[in-house]
Amino acid sequence: MTNDLLDGDQVFSDLRIIDLSRWVAGEFATKLFADFGADVVKVERPDEGSLTRAWGPFPKEVPDRERSALFLHLNTSKRSVALDLADRGDRAVLLDLVAGADAVVESFRPGGLERLDLGPATLLAANPALVLTRITAFGQSGPYRDREATGLVLQAMGGPMHSTGDAHRAPHRKPGNLEHYSIGRYAAEATLAGLIHARRASTGCVVDVSGQEALLASGDRRASYLLAASYAATNAPRGIRSAHRGQSKLTGPFPTRDGYVMVYVTNQAFSDRLVDLVGESDPDFRERYHDVEVPREDWADFTGRLAAWFARQDKLDLMSRAQERRIPLTAFLEMHELLHHSHFRARGSFVTVTHPVAGTLDYIGAPWRMEGGHRIRSAAPTLDEHANQIRGEAARALRPPRPRWDWPHTGPGPLNGVRIVDLTVVWAGPGGTALLGDLGAEVIRLEGNNRISRQASAHLTRQQLAVTGYRAAMFPDREPQPRPYDRSAIFNWHSRNKLSACANLDTPEGHRAALDLIAKSDVLIENNARTTLEKLGLGHEELLARHPRLVVVRMPPMGMSGPMSDYLGYGPNFNALVGIAAMDGYEGETPDSAGDNYHMDEATPPGVAFAVMAALWRRERTGLGGLVEFAQAENVMQDVGEFVLDRQLNGRNPAILGNSDPHLLQGVFACAGTDRWVAMSIRDDRDWQALRTVVGDASWLGDGTTAELRRRNSASLRARLAAWIAPQQCEAVVAALVAARVPVGEVMTELRLLEDPHLDARAWFVTRSHPAVGTHKYPGHPWQVTGFDVVFGRPVPSFGEDNEYVYRRLLGYPQERYDDLVRRCLVTTEQFA
């Protein structure tokens, strides 16, 4: 393998991407390529540019297309050219650019490119090896294809909004633009998968990214809720993600003297450590609650005394003391605290960039780290900044021959022939390896029979589950036995396509088997505590010295270095540390009104799948693998980038907006019936006039005829809308507003989604059978594609189901050696713990 990466080159320096998108998802997808070296040409509308230029936040709230914090964050390292795609000459320029490009990313409404005579047939005729990624709200086909949508509507119809927030209040959305960043990550992952396919097959593809489907497939619990509905015919309960609900030991935010902390105590050991910490100043509390499963009748006393104690603490000091005792407790950092925190500064998590108009600011840096990886090469472009340069290139655009990758073909998918050793646990890591398996990689989970590796004990009984409420629904027919570890939706939502082999890595035999398998694999991926691999004798430095082509992916939440690198926690803990939790909550209230937010578990799987493919791309160019340090907190920090810039531009932290929005009139409104809700947004005057045609003659409609009136009268207008919607059936409200092209959607439960006609028309759910669980519908892939196959094979591997394949066929163990491991219960098809 010759190295075609020059010194200082980045991994994607051989790629050109045409960015036709105008909103967050597409621009974030292309940013991930641009900041890793690709030449991303942003095609914008003359005079106005991208929608993100008009969105802000702006310095002192004075609109300026060159000072929008959102645009500045999303478009680093790109070039800009203004083209009027309704003009024949400018369309010809675009087609010339496409002829020399590797991929196009667009976010027009369905049919928008076709109406410009720039549909897939035209673009692929100009470049048969092109990857065309199309991002829309509901996909390129199906009954909802042409519906209008906003982020609120997508969260209602795709995300877990119905179960988020207080059970006695309106369902609650996640803050900021988080849903669009998630959709953008999936679009980037899909695009890179398409590019690998193009290098292997010399043919292009068309990717169809439905925002709804991306959110339905996500790790923010929605996919597991859907599978539980399929297994046990029940919805995730309203309020299951609310604070201090008692479903786990103790989860949620608490006020302190100077802010808030996120507590995520999920087992008795964590609970005892917390009780002991409080008990240092309250011995009676320790005496009453240490080593006790707090009964429901004592829950108010338990949480009340905790709350009173927390209220007397300082959040950073409390976090430090809790982490010293290995308690999952973290502080809510505001944007100014995030910008100056010693951990992120020590890791170089911010990069200083100078823009000719917006000035010098600190931008969020690398979402992950690898050799030849992230570097912001330039600030976001001014509108049409590179017109002469790009138009000149288009006039002489010839697509240079791309090298064809000579990977062995073993089956469908762009990653067929790639073998991945999967040591991931819990949620985010397994979600990432599931996506790689979807692309054809052979993903082999090594699982110890002496530990609970699938979040379900072998000894779990129906009686034990009966007192846990909703958790029982994670098992088919609410029955965990036999083999609970094979039957839980918590594991099975991300177990498709994977293989399972038993290996106790803390034994000499298991350690040897792991080393033997790694030697025959392309990727090792894990998301354990920072020092776990070293303790197992599997540190990346030693492995890479032995196997230079190996890619080792490590996913400690706070990174491999820095003052907080050993911090313990779950997704909500780390959301708190990157500023997301401080933005969350019901409108105008405090962040402890929000409950749990698992956005990091949504952001990590597509992000780490993209990172793995980036490392494989670099290996193809250099012949070398290497370390990918995927600090999950830094990956999810990308999703608050505009607020980090806004803090520097305006000296403020984000307001807590709940379901409202500073630019739109929107809300979540109760309909007739039990717990039925619709989400609706008014974007502009056209939407308001359309609403008037539906509502009819009502005097209050005059209070919203302009954007300024809607802003000024927002609360009263939403109250009027709530009163208008309340007596109506949900279906009638949605049908009327959809016909008027107003963004609206029902806040969907899992059972309604299982029967949804749009998802049925797009064949999104996949029916699969397995002896451990029977036949059920499974959540589908986050995107669809024409041009290569995406895999959905076996829905779940039984524990140790592939022992013989791994030990006998792959590792070549003689029968007597394998039989000896089985006889000594070192290799089993049962989990003992």
# chains A, B, ... in the order shown; residues from 1 in each chain; ligands from 1
>>> select_by_dssp(residues="range 406-590 of chain A", states="strand (DSSP E)", output="VMD selection string")
chain A and resid 419 to 423 442 to 447 499 to 502 523 to 526 551 to 554
>>> write_last_selection(atoms="N, CA and C atoms", output="CSV table (one decimal), in the first residue's frame")
chain,number,residue,atom,x,y,z
A,419,ARG,N,-14.0,-7.1,9.8
A,419,ARG,CA,-14.4,-7.8,11.0
A,419,ARG,C,-14.1,-6.9,12.2
A,420,ILE,N,-15.1,-6.8,13.1
A,420,ILE,CA,-15.0,-5.9,14.2
A,420,ILE,C,-15.2,-6.7,15.5
A,421,VAL,N,-14.2,-6.6,16.4
A,421,VAL,CA,-14.3,-7.1,17.8
A,421,VAL,C,-15.1,-6.1,18.7
A,422,ASP,N,-16.2,-6.5,19.2
A,422,ASP,CA,-17.1,-5.6,19.9
A,422,ASP,C,-17.0,-5.9,21.4
A,423,LEU,N,-16.4,-4.9,22.1
A,423,LEU,CA,-16.3,-5.0,23.6
A,423,LEU,C,-17.2,-3.9,24.2
A,442,GLU,N,-18.7,-7.8,9.8
A,442,GLU,CA,-18.9,-8.9,10.8
A,442,GLU,C,-18.6,-8.4,12.2
A,443,VAL,N,-19.6,-8.3,13.0
A,443,VAL,CA,-19.4,-7.7,14.3
A,443,VAL,C,-19.5,-8.9,15.3
A,444,ILE,N,-18.5,-9.1,16.1
A,444,ILE,CA,-18.4,-10.2,17.0
A,444,ILE,C,-18.3,-9.7,18.4
A,445,ARG,N,-19.4,-9.9,19.2
A,445,ARG,CA,-19.4,-9.6,20.6
A,445,ARG,C,-18.6,-10.6,21.4
A,446,LEU,N,-17.6,-10.2,22.2
A,446,LEU,CA,-17.0,-11.1,23.1
A,446,LEU,C,-17.7,-10.9,24.5
A,447,GLU,N,-18.3,-11.9,25.1
A,447,GLU,CA,-19.1,-11.7,26.3
A,447,GLU,C,-18.7,-12.7,27.3
A,499,LEU,N,-22.7,-11.3,16.0
A,499,LEU,CA,-22.4,-12.6,16.5
A,499,LEU,C,-22.0,-12.5,18.0
A,500,SER,N,-22.2,-13.6,18.7
A,500,SER,CA,-21.8,-13.7,20.1
A,500,SER,C,-20.9,-14.9,20.4
A,501,ALA,N,-19.8,-14.6,21.0
A,501,ALA,CA,-18.9,-15.7,21.5
A,501,ALA,C,-18.6,-15.4,22.9
A,502,CYS,N,-18.5,-16.5,23.7
A,502,CYS,CA,-18.2,-16.4,25.1
A,502,CYS,C,-16.7,-16.4,25.4
A,523,VAL,N,-11.0,-4.1,13.3
A,523,VAL,CA,-11.4,-3.0,14.3
A,523,VAL,C,-11.6,-3.6,15.6
A,524,LEU,N,-11.2,-3.0,16.7
A,524,LEU,CA,-11.5,-3.3,18.0
A,524,LEU,C,-12.2,-2.0,18.6
A,525,ILE,N,-13.4,-2.2,19.2
A,525,ILE,CA,-14.1,-1.0,19.7
A,525,ILE,C,-14.6,-1.3,21.1
A,526,GLU,N,-14.5,-0.4,22.0
A,526,GLU,CA,-14.9,-0.5,23.4
A,526,GLU,C,-15.3,0.8,23.9
A,551,VAL,N,-7.5,-0.9,13.7
A,551,VAL,CA,-8.1,0.3,14.2
A,551,VAL,C,-8.7,0.0,15.6
A,552,VAL,N,-8.2,0.8,16.6
A,552,VAL,CA,-8.7,0.6,17.9
A,552,VAL,C,-9.5,1.9,18.3
A,553,VAL,N,-10.8,1.7,18.6
A,553,VAL,CA,-11.7,2.8,19.0
A,553,VAL,C,-12.0,2.7,20.4
A,554,ARG,N,-11.7,3.8,21.1
A,554,ARG,CA,-11.9,3.9,22.6
A,554,ARG,C,-12.8,5.0,22.9
>>> residues_around(residues="Leu754 in chain A", least_positions_apart="2", cutoff="9 Å", atoms="only C-alpha atoms", output="number ranges by chain")
A: 226, 229-230, 749-752, 756-757, 759-760, 765, 777
>>> atom_distance(atom1="CA of Leu154 in chain A", atom2="CA of Pro175 in chain A")
13.1 Å
>>> closest_residue(among="A:Arg692, A:Arg91, A:Arg808, A:Arg794", to="Arg391 in chain A", atoms="only C-alpha atoms")
A:Arg91
>>> residues_around(residues="Pro727 in chain A", least_positions_apart="6", cutoff="9 Å", atoms="only C-alpha atoms", output="MDAnalysis selection string")
chainID A and resid 670:673
>>> write_last_selection(atoms="all heavy atoms", output="compact mmCIF listing (two decimals), in the first residue's frame")
# COMPACT_ATOMS: atom_id res chain seq x y z
N ALA A 670 -53.07 19.68 23.89
CA ALA A 670 -53.92 18.52 24.18
C ALA A 670 -55.13 18.50 23.26
O ALA A 670 -55.75 19.54 22.99
CB ALA A 670 -54.38 18.56 25.63
N CYS A 671 -55.47 17.31 22.79
CA CYS A 671 -56.66 17.10 21.97
C CYS A 671 -57.73 16.38 22.80
O CYS A 671 -57.49 15.99 23.94
CB CYS A 671 -56.32 16.23 20.76
SG CYS A 671 -55.06 16.90 19.68
N ALA A 672 -58.87 16.16 22.20
CA ALA A 672 -59.92 15.38 22.85
C ALA A 672 -59.44 13.95 23.04
O ALA A 672 -58.64 13.43 22.26
CB ALA A 672 -61.18 15.41 22.01
N GLY A 673 -59.94 13.30 24.07
CA GLY A 673 -59.52 11.94 24.35
C GLY A 673 -58.48 11.90 25.45
O GLY A 673 -58.08 12.93 26.01
>>> atom_distance(atom1="CA of Ala34 in chain A", atom2="CA of Arg79 in chain A")
9.5 Å
>>> closest_residue(among="A:Lys42, A:His663, A:His197, A:His355", to="Ala54 in chain A", atoms="only C-alpha atoms")
A:His663
>>> residues_around(residues="Gly151 in chain A", least_positions_apart="4", cutoff="10 Å", atoms="only C-alpha atoms", output="PyMOL selection string")
chain A and resi 137+155-157+173-174+176-180+211-212+681+743
>>> residues_around(residues="range 12-28 of chain A", least_positions_apart="5", cutoff="7 Å", atoms="only C-alpha atoms", output="mmCIF file with N, CA and C atoms, in the first residue's frame")
data_model
loop_
_atom_site.group_PDB
_atom_site.id
_atom_site.type_symbol
_atom_site.label_atom_id
_atom_site.label_comp_id
_atom_site.auth_asym_id
_atom_site.auth_seq_id
_atom_site.Cartn_x
_atom_site.Cartn_y
_atom_site.Cartn_z
ATOM 1 N N PHE A 33 -17.255 16.281 7.226
ATOM 2 C CA PHE A 33 -16.285 16.016 6.163
ATOM 3 C C PHE A 33 -15.291 17.178 6.029
ATOM 4 N N PHE A 36 -12.533 17.471 8.577
ATOM 5 C CA PHE A 36 -11.594 16.351 8.472
ATOM 6 C C PHE A 36 -10.924 16.316 7.100
ATOM 7 N N GLY A 37 -10.949 17.454 6.393
ATOM 8 C CA GLY A 37 -10.092 17.603 5.222
ATOM 9 C C GLY A 37 -10.757 17.658 3.875
ATOM 10 N N ALA A 38 -12.047 17.330 3.764
ATOM 11 C CA ALA A 38 -12.693 17.344 2.452
ATOM 12 C C ALA A 38 -12.856 18.773 1.941
ATOM 13 N N ASP A 39 -12.816 18.912 0.621
ATOM 14 C CA ASP A 39 -13.144 20.184 -0.024
ATOM 15 C C ASP A 39 -14.660 20.240 -0.154
ATOM 16 N N VAL A 40 -15.304 20.980 0.729
ATOM 17 C CA VAL A 40 -16.759 21.091 0.721
ATOM 18 C C VAL A 40 -17.141 22.425 0.089
ATOM 19 N N VAL A 41 -17.838 22.346 -1.019
ATOM 20 C CA VAL A 41 -18.288 23.529 -1.741
ATOM 21 C C VAL A 41 -19.741 23.778 -1.371
ATOM 22 N N LYS A 42 -19.977 24.880 -0.681
ATOM 23 C CA LYS A 42 -21.335 25.215 -0.246
ATOM 24 C C LYS A 42 -21.990 26.082 -1.315
ATOM 25 N N VAL A 43 -23.036 25.549 -1.907
ATOM 26 C CA VAL A 43 -23.785 26.267 -2.941
ATOM 27 C C VAL A 43 -24.948 26.979 -2.257
ATOM 28 N N SER A 50 -27.695 30.689 2.815
ATOM 29 C CA SER A 50 -28.326 29.594 3.553
ATOM 30 C C SER A 50 -29.325 30.133 4.565
ATOM 31 N N LEU A 51 -30.319 29.288 4.906
ATOM 32 C CA LEU A 51 -31.276 29.652 5.952
ATOM 33 C C LEU A 51 -30.588 29.878 7.290
ATOM 34 N N THR A 52 -29.516 29.160 7.548
ATOM 35 C CA THR A 52 -28.839 29.314 8.836
ATOM 36 C C THR A 52 -28.178 30.680 8.966
ATOM 37 N N LEU A 74 -21.564 25.881 11.831
ATOM 38 C CA LEU A 74 -21.817 24.730 10.965
ATOM 39 C C LEU A 74 -20.997 24.724 9.684
ATOM 40 N N ASN A 75 -20.323 25.802 9.360
ATOM 41 C CA ASN A 75 -19.747 25.903 8.021
ATOM 42 C C ASN A 75 -18.261 26.210 8.005
ATOM 43 N N ALA A 101 -17.071 15.783 -8.451
ATOM 44 C CA ALA A 101 -17.261 15.612 -7.005
ATOM 45 C C ALA A 101 -17.408 14.142 -6.651
ATOM 46 N N ASP A 102 -17.375 13.877 -5.355
ATOM 47 C CA ASP A 102 -17.604 12.531 -4.836
ATOM 48 C C ASP A 102 -19.011 12.375 -4.274
ATOM 49 N N ALA A 103 -19.553 13.455 -3.726
ATOM 50 C CA ALA A 103 -20.878 13.358 -3.106
ATOM 51 C C ALA A 103 -21.584 14.695 -3.182
ATOM 52 N N VAL A 104 -22.906 14.638 -3.174
ATOM 53 C CA VAL A 104 -23.776 15.808 -3.052
ATOM 54 C C VAL A 104 -24.700 15.562 -1.869
ATOM 55 N N VAL A 105 -24.848 16.557 -1.013
ATOM 56 C CA VAL A 105 -25.779 16.496 0.111
ATOM 57 C C VAL A 105 -26.804 17.599 -0.075
ATOM 58 N N GLU A 106 -28.082 17.250 -0.064
ATOM 59 C CA GLU A 106 -29.132 18.252 -0.307
ATOM 60 C C GLU A 106 -30.282 18.063 0.659
ATOM 61 N N SER A 107 -31.021 19.152 0.890
ATOM 62 C CA SER A 107 -32.161 19.095 1.814
ATOM 63 C C SER A 107 -33.380 19.813 1.247
ATOM 64 N N ILE A 135 -31.879 14.696 2.357
ATOM 65 C CA ILE A 135 -32.382 14.816 3.727
ATOM 66 C C ILE A 135 -33.723 15.529 3.699
ATOM 67 N N HIS A 180 -31.857 18.016 14.894
ATOM 68 C CA HIS A 180 -31.264 18.223 13.572
ATOM 69 C C HIS A 180 -29.811 17.759 13.532
ATOM 70 N N TYR A 181 -29.095 17.940 14.625
ATOM 71 C CA TYR A 181 -27.720 17.428 14.676
ATOM 72 C C TYR A 181 -27.722 15.902 14.582
ATOM 73 N N ILE A 183 -29.954 13.979 13.094
ATOM 74 C CA ILE A 183 -30.262 13.633 11.703
ATOM 75 C C ILE A 183 -29.039 13.870 10.829
ATOM 76 N N GLY A 184 -28.314 14.956 11.097
ATOM 77 C CA GLY A 184 -27.110 15.246 10.330
ATOM 78 C C GLY A 184 -26.030 14.189 10.504
#
>>> residues_around(residues="Leu274 in chain A", least_positions_apart="4", cutoff="12 Å", atoms="only C-alpha atoms", output="MDAnalysis selection string")
chainID A and resid 249:250 263:270 278:280 282 285:286 289:291 302:303 306 309:310 318:319 321:329
>>> atom_distance(atom1="CA of Ser521 in chain A", atom2="CA of Val418 in chain A")
7.4 Å
>>> closest_residue(among="A:Met560, A:Ala603, A:Ala394, A:Leu616", to="Ser218 in chain A", atoms="only C-alpha atoms")
A:Ala603
>>> select_by_dssp(residues="range 47-154 of chain A", states="alpha helix (DSSP H)", output="PyMOL selection string")
chain A and resi 69-74+88-99+112-115+120-126+151-154
>>> closest_residue(among="A:Glu297, A:Val827, A:Arg200, A:Phe799", to="Leu505 in chain A", atoms="only C-alpha atoms")
A:Val827
>>> residues_around(residues="Pro557 in chain A", least_positions_apart="5", cutoff="7 Å", atoms="only C-alpha atoms", output="CSV table (one decimal) with all heavy atoms, in the first residue's frame")
chain,number,residue,atom,x,y,z
A,631,ALA,N,-14.1,10.7,22.5
A,631,ALA,CA,-14.7,11.2,23.8
A,631,ALA,C,-16.1,11.6,23.5
A,631,ALA,O,-16.4,12.6,22.8
A,631,ALA,CB,-13.9,12.4,24.2
A,632,GLN,N,-17.0,10.9,24.1
A,632,GLN,CA,-18.5,11.1,23.8
A,632,GLN,C,-18.9,12.5,24.1
A,632,GLN,O,-19.8,13.0,23.4
A,632,GLN,CB,-19.3,10.0,24.5
A,632,GLN,CG,-19.0,8.6,24.1
A,632,GLN,CD,-19.8,7.6,24.8
A,632,GLN,OE1,-21.0,7.6,24.8
A,632,GLN,NE2,-19.1,6.6,25.5
A,633,ALA,N,-18.4,13.0,25.2
A,633,ALA,CA,-18.8,14.4,25.6
A,633,ALA,C,-18.4,15.4,24.5
A,633,ALA,O,-19.2,16.3,24.2
A,633,ALA,CB,-18.2,14.8,26.9
